[in-house]
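Student: Structure file query-v1.tsv (TSV, C-alpha atoms) right here:
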chain	number	residue	atom	x	y	z
A	253	MET	CA	17.21	23.55	-5.46
A	254	ALA	CA	19.23	22.41	-8.37
A	255	ASN	CA	17.90	18.92	-9.05
A	256	PHE	CA	14.94	18.22	-6.77
A	257	ASN	CA	12.88	15.18	-7.79
A	258	PHE	CA	10.33	13.65	-5.45
A	259	ASN	CA	7.50	11.21	-6.16
A	260	LYS	CA	5.75	9.76	-3.10
A	261	VAL	CA	2.03	9.12	-2.63
A	262	ILE	CA	0.10	8.13	0.49
A	263	LEU	CA	-3.57	7.24	-0.01
A	264	GLY	CA	-6.19	6.18	2.46
A	265	GLY	CA	-9.58	5.06	1.24
A	266	ARG	CA	-11.75	2.08	0.40
A	267	LEU	CA	-11.41	-0.56	-2.30
A	268	THR	CA	-14.08	-0.34	-5.00
A	269	ALA	CA	-13.89	-4.07	-5.85
A	270	ASP	CA	-12.18	-7.26	-4.72
A	271	PRO	CA	-8.54	-7.20	-5.88
A	272	GLU	CA	-7.69	-10.07	-8.22
A	273	LEU	CA	-4.22	-11.59	-8.32
A	274	LYS	CA	-2.84	-12.15	-11.81
A	275	THR	CA	0.52	-13.39	-13.03
A	276	THR	CA	2.60	-11.96	-15.85
A	277	THR	CA	3.98	-14.22	-18.57
A	278	SER	CA	7.30	-14.16	-16.71
A	279	GLY	CA	5.59	-15.34	-13.49
A	280	LEU	CA	5.41	-12.07	-11.50
A	281	PRO	CA	2.30	-11.65	-9.30
A	282	VAL	CA	0.43	-8.38	-9.96
A	283	THR	CA	-2.89	-6.87	-8.94
A	284	SER	CA	-4.66	-3.72	-10.06
A	285	PHE	CA	-7.37	-2.10	-7.97
A	286	THR	CA	-9.08	1.23	-7.41
A	287	VAL	CA	-9.13	3.17	-4.14
A	288	ALA	CA	-12.04	5.56	-3.52
A	289	VAL	CA	-10.87	8.61	-1.55
A	290	ASN	CA	-13.30	11.24	-0.29
A	291	ARG	CA	-12.06	14.78	-0.81
A	292	ARG	CA	-11.39	16.65	2.40
A	293	PHE	CA	-12.16	19.99	0.86
A	294	GLY	CA	-14.33	20.36	-2.16
A	295	GLY	CA	-17.81	20.43	-0.77
A	296	ARG	CA	-20.59	18.03	-1.52
A	297	SER	CA	-22.08	16.75	-4.75
A	298	GLU	CA	-25.62	17.64	-5.81
A	299	ASN	CA	-27.09	14.73	-3.82
A	300	GLY	CA	-25.25	15.69	-0.62
A	301	GLN	CA	-22.56	13.02	-0.86
A	302	PRO	CA	-18.89	13.98	-0.41
A	303	GLN	CA	-16.94	14.30	-3.64
A	304	THR	CA	-14.84	11.22	-4.25
A	305	ASP	CA	-11.76	10.54	-6.36
A	306	PHE	CA	-11.21	7.04	-7.76
A	307	ILE	CA	-7.50	6.34	-7.97
A	308	ASN	CA	-6.10	3.39	-9.93
A	309	CYS	CA	-3.35	1.43	-8.21
A	310	THR	CA	-1.06	-1.46	-9.17
A	311	ALA	CA	0.94	-3.66	-6.80
A	312	TRP	CA	3.57	-6.24	-7.66
A	313	ARG	CA	5.12	-9.35	-6.10
A	314	GLN	CA	4.56	-9.90	-2.34
A	315	THR	CA	2.65	-6.65	-1.97
A	316	ALA	CA	0.15	-7.84	-4.61
A	317	GLU	CA	-0.22	-11.19	-2.85
A	318	PHE	CA	-0.75	-9.47	0.51
A	319	ILE	CA	-3.46	-7.15	-0.85
A	320	THR	CA	-5.38	-9.89	-2.65
A	321	ARG	CA	-5.24	-12.15	0.39
A	322	TYR	CA	-6.37	-9.71	3.09
A	323	PHE	CA	-8.47	-7.00	1.40
A	324	ARG	CA	-11.94	-7.11	-0.17
A	325	LYS	CA	-14.39	-4.67	-1.71
A	326	ALA	CA	-15.12	-1.77	0.70
A	327	SER	CA	-12.10	-2.62	2.92
A	328	SER	CA	-10.28	0.42	4.20
A	329	ILE	CA	-6.69	0.47	3.00
A	330	CYS	CA	-3.68	2.75	3.19
A	331	VAL	CA	-1.15	2.51	0.37
A	332	VAL	CA	2.23	4.15	-0.11
A	333	GLY	CA	3.85	4.34	-3.51
A	334	THR	CA	4.69	6.50	-6.51
A	335	ILE	CA	2.71	8.02	-9.36
A	336	GLN	CA	3.45	6.55	-12.77
A	337	VAL	CA	2.16	7.76	-16.13
A	338	ARG	CA	2.09	5.26	-18.99
A	339	SER	CA	1.34	5.95	-22.63
A	340	TRP	CA	0.57	3.75	-25.62
A	341	THR	CA	-1.03	3.88	-29.03
A	342	ASP	CA	-4.40	2.13	-29.28
A	343	ALA	CA	-5.74	0.08	-32.20
A	344	GLN	CA	-7.15	3.23	-33.86
A	345	GLY	CA	-3.76	4.95	-33.71
A	346	ALA	CA	-4.72	7.39	-30.93
A	347	LYS	CA	-2.22	8.15	-28.16
A	348	ARG	CA	-3.61	6.96	-24.80
A	349	TYR	CA	-2.42	7.74	-21.27
A	350	ALA	CA	-2.95	6.11	-17.88
A	351	THR	CA	-1.96	7.54	-14.51
A	352	GLU	CA	-1.74	5.15	-11.59
A	353	VAL	CA	-0.11	4.66	-8.22
A	354	VAL	CA	2.50	1.89	-8.13
A	355	VAL	CA	2.10	0.55	-4.59
A	356	ASP	CA	5.20	-0.18	-2.51
A	357	GLU	CA	3.43	-0.68	0.85
A	358	ALA	CA	-0.11	-1.52	1.96
A	359	MET	CA	-1.52	-1.28	5.48
A	360	PHE	CA	-4.70	-2.11	7.35
A	361	VAL	CA	-6.56	0.92	8.70
A	362	ASP	CA	-9.78	-0.73	9.97
A	363	SER	CA	-9.98	-1.69	13.60
A	364	LYS	CA	-9.89	-5.41	14.32
A	365	GLY	CA	-13.67	-5.91	14.18
A	366	GLU	CA	-14.30	-3.80	11.06
A	367	ASN	CA	-12.34	-5.76	8.45
A	368	PRO	CA	-14.05	-9.14	7.90
A	369	SER	CA	-11.41	-10.37	5.45
A	370	ALA	CA	-8.67	-10.00	8.07
A	371	ALA	CA	-10.78	-11.80	10.68
A	372	GLN	CA	-11.47	-14.66	8.25
A	373	ALA	CA	-7.75	-15.02	7.65
A	374	GLY	CA	-7.10	-15.45	11.37
A	375	PHE	CA	-5.36	-12.09	11.69
A	376	SER	CA	-5.20	-10.38	15.05
A	377	GLN	CA	-3.40	-7.09	15.56
A	378	SER	CA	-2.35	-8.06	19.07
A	379	ALA	CA	-1.12	-11.55	18.17
A	380	PRO	CA	2.49	-12.34	19.03
A	381	SER	CA	4.84	-12.05	16.07
A	382	SER	CA	5.32	-15.83	15.99
A	383	TYR	CA	1.64	-16.14	14.93
A	384	MET	CA	1.72	-13.35	12.39
A	385	PRO	CA	1.73	-14.14	8.66
A	386	GLU	CA	5.08	-13.67	6.95
A	387	GLY	CA	5.81	-10.00	6.23
A	388	TYR	CA	3.78	-8.57	9.14
A	389	THR	CA	5.00	-6.70	12.14
A	390	SER	CA	3.09	-6.81	15.43
A	391	TYR	CA	3.33	-3.53	17.28
A	392	GLY	CA	1.32	-4.59	20.32
A	393	ASP	CA	-0.07	-1.07	20.73
A	394	GLY	CA	-2.94	-1.49	18.26
A	395	ALA	CA	-1.05	0.15	15.42
A	396	ALA	CA	-1.95	-1.26	12.04
A	397	PRO	CA	0.61	-3.71	10.66
A	398	ALA	CA	2.07	-3.12	7.25
A	399	TYR	CA	3.72	-5.09	4.53
A	400	SER	CA	6.41	-3.48	2.47
A	401	GLN	CA	8.05	-5.04	-0.53
A	402	GLY	CA	11.37	-3.58	0.57
A	403	GLN	CA	11.26	-4.57	4.25
A	404	ALA	CA	14.69	-5.43	5.51
A	405	ALA	CA	15.96	-7.04	8.68
A	406	ALA	CA	16.73	-4.82	11.64
A	407	PRO	CA	20.15	-3.19	11.32
A	408	LYS	CA	22.99	-4.78	13.24
A	409	PHE	CA	24.84	-2.34	15.45
A	410	GLU	CA	28.44	-2.63	16.48
A	411	GLU	CA	28.94	-2.75	20.22
A	412	ILE	CA	31.36	-0.10	21.48
A	413	THR	CA	33.31	-1.22	24.50
A	414	ASP	CA	35.71	1.74	24.88
A	415	ASP	CA	33.91	4.96	25.90
A	416	ASP	CA	37.03	7.12	25.35
A	417	ASP	CA	36.36	7.42	21.60
A	418	LEU	CA	32.83	8.80	21.97
A	419	PRO	CA	32.48	12.50	21.02
A	420	PHE	CA	30.28	13.37	24.01
Now, as a test, write the supplied structure out as structure tokens.
Tutor:
Amino acid sequence: MANFNFNKVILGGRLTADPELKTTTSGLPVTSFTVAVNRRFGGRSENGQPQTDFINCTAWRQTAEFITRYFRKASSICVVGTIQVRSWTDAQGAKRYATEVVVDEAMFVDSKGENPSAAQAGFSQSAPSSYMPEGYTSYGDGAAPAYSQGQAAAPKFEEITDDDDLPF
């Protein structure tokens, strides 16, 4: 593999605090939050609890607005994004680093009755799409809806009327 670069993260866990929506000086919505993820393998801590990683995440624009509107502390969440490492020099002149996940998509993973913030917002997974908040997709089969910053309209396909040109 000559030039293989790949950076994709999928996390499922619980929020450690309520996400707070902030706005940059240029007006962009942003939220930073931490997702607690129990390790699948790694045993238990001294007190018998599963070992947990706390992963810092940042979401921008509509994804940030979606997360702050529908998720609260202890809500289960699934995020998809990329790992980003930032560095800066602090006031004492020391080089500092931060590693975080920049979130592109966020999804519900709780069932309908388990996420009180979604119920308070009037969200129902089986609601027709005309009643869904902007950016949601209703799957009708109980699948969790998702919001993606890069969601695009369904592709438009060209209708083929002459079957003679088909290769099969």
Student: Report, in Å with one decimal, the straight-line distance from atom CA of A:Lys260 to atom CA of A:Ala288.
Tutor: 18.3 Å
Student: So how far away is atom CA of A:Thr334 from atom CA of A:Glu352, in Å?
Tutor: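 Taking atom CA of A:Glu352 and atom CA of A:Thr334, their separation equals 8.3 Å.
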Student: If we draw a sphere of 8 Å around (-11.8, 15.5, -4.8), which residues have at least one atom in it when counting only C-alpha atoms? Please report them as a list in words.
Tutor: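 Looking at atoms near the point gives Val289, Asn290, Arg291, Arg292, Phe293, Gly294, Gln303, Thr304 and Asp305 of chain A.
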Student: So which residues touch A:Arg348 within 9 Å, counting all atoms listed in the file, skipping near sequence neighbours fewer than 5 positions away, as a list of chain:residue names?
Tutor: A:Arg338, A:Ser339, A:Trp340, A:Thr341, A:Asp342
Student: One decimal, Å: what's the distance from atom CA of A:Gly279 over to atom CA of A:Ser327, could you say?
Tutor: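 Separating atom CA of A:Gly279 from atom CA of A:Ser327 is a distance of 27.3 Å.
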Student: Using only C-alpha atoms, which of A:Val355, A:Ile319, A:Ala254, A:Val287 sits nearest A:Leu273?
Tutor: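 Looking only at the distances to A:Leu273, the closest residue turns out to be A:Ile319.
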Student: Write out as JSON, numbers by chain which residues come within 8 Å of A:Cys330 when counting all atoms listed in the file, dropping same-chain ones fewer than 2 positions away.
Tutor: {"A": [262, 263, 264, 265, 328, 332, 358, 359, 360, 361]}
Student: Where's the centre, and what are the edge lengths in Å to one decimal, of a box along x, y and z enclosing all listed atoms of stretch 299-314 of chain A padded 3 Å per side, as AutoDock Vina command-line options?
Tutor:
--center_x -11.0 --center_y 2.9 --center_z -5.2 --size_x 38.2 --size_y 31.6 --size_z 15.5
Student: Just checking: using only C-alpha atoms, which residue out of A:Asn255, A:Thr315, A:Asn308, A:Gln301 ends up closest to A:Thr268?
Tutor: A:Asn308
Student: For A:Ala326, which residue out of A:Thr286, A:Thr277, A:Thr310, A:Asn259 is the nearest one, using all atoms listed in the file?
Tutor: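 Distance minimum relative to A:Ala326 lands on A:Thr286.
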Student: Which residue out of A:Ala316, A:Leu280, A:Cys309, A:Ala269 has the minimum interatomic distance to A:Val337 when all atoms listed in the file are used?
Tutor: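 For A:Val337, the nearest of the candidates is A:Cys309.
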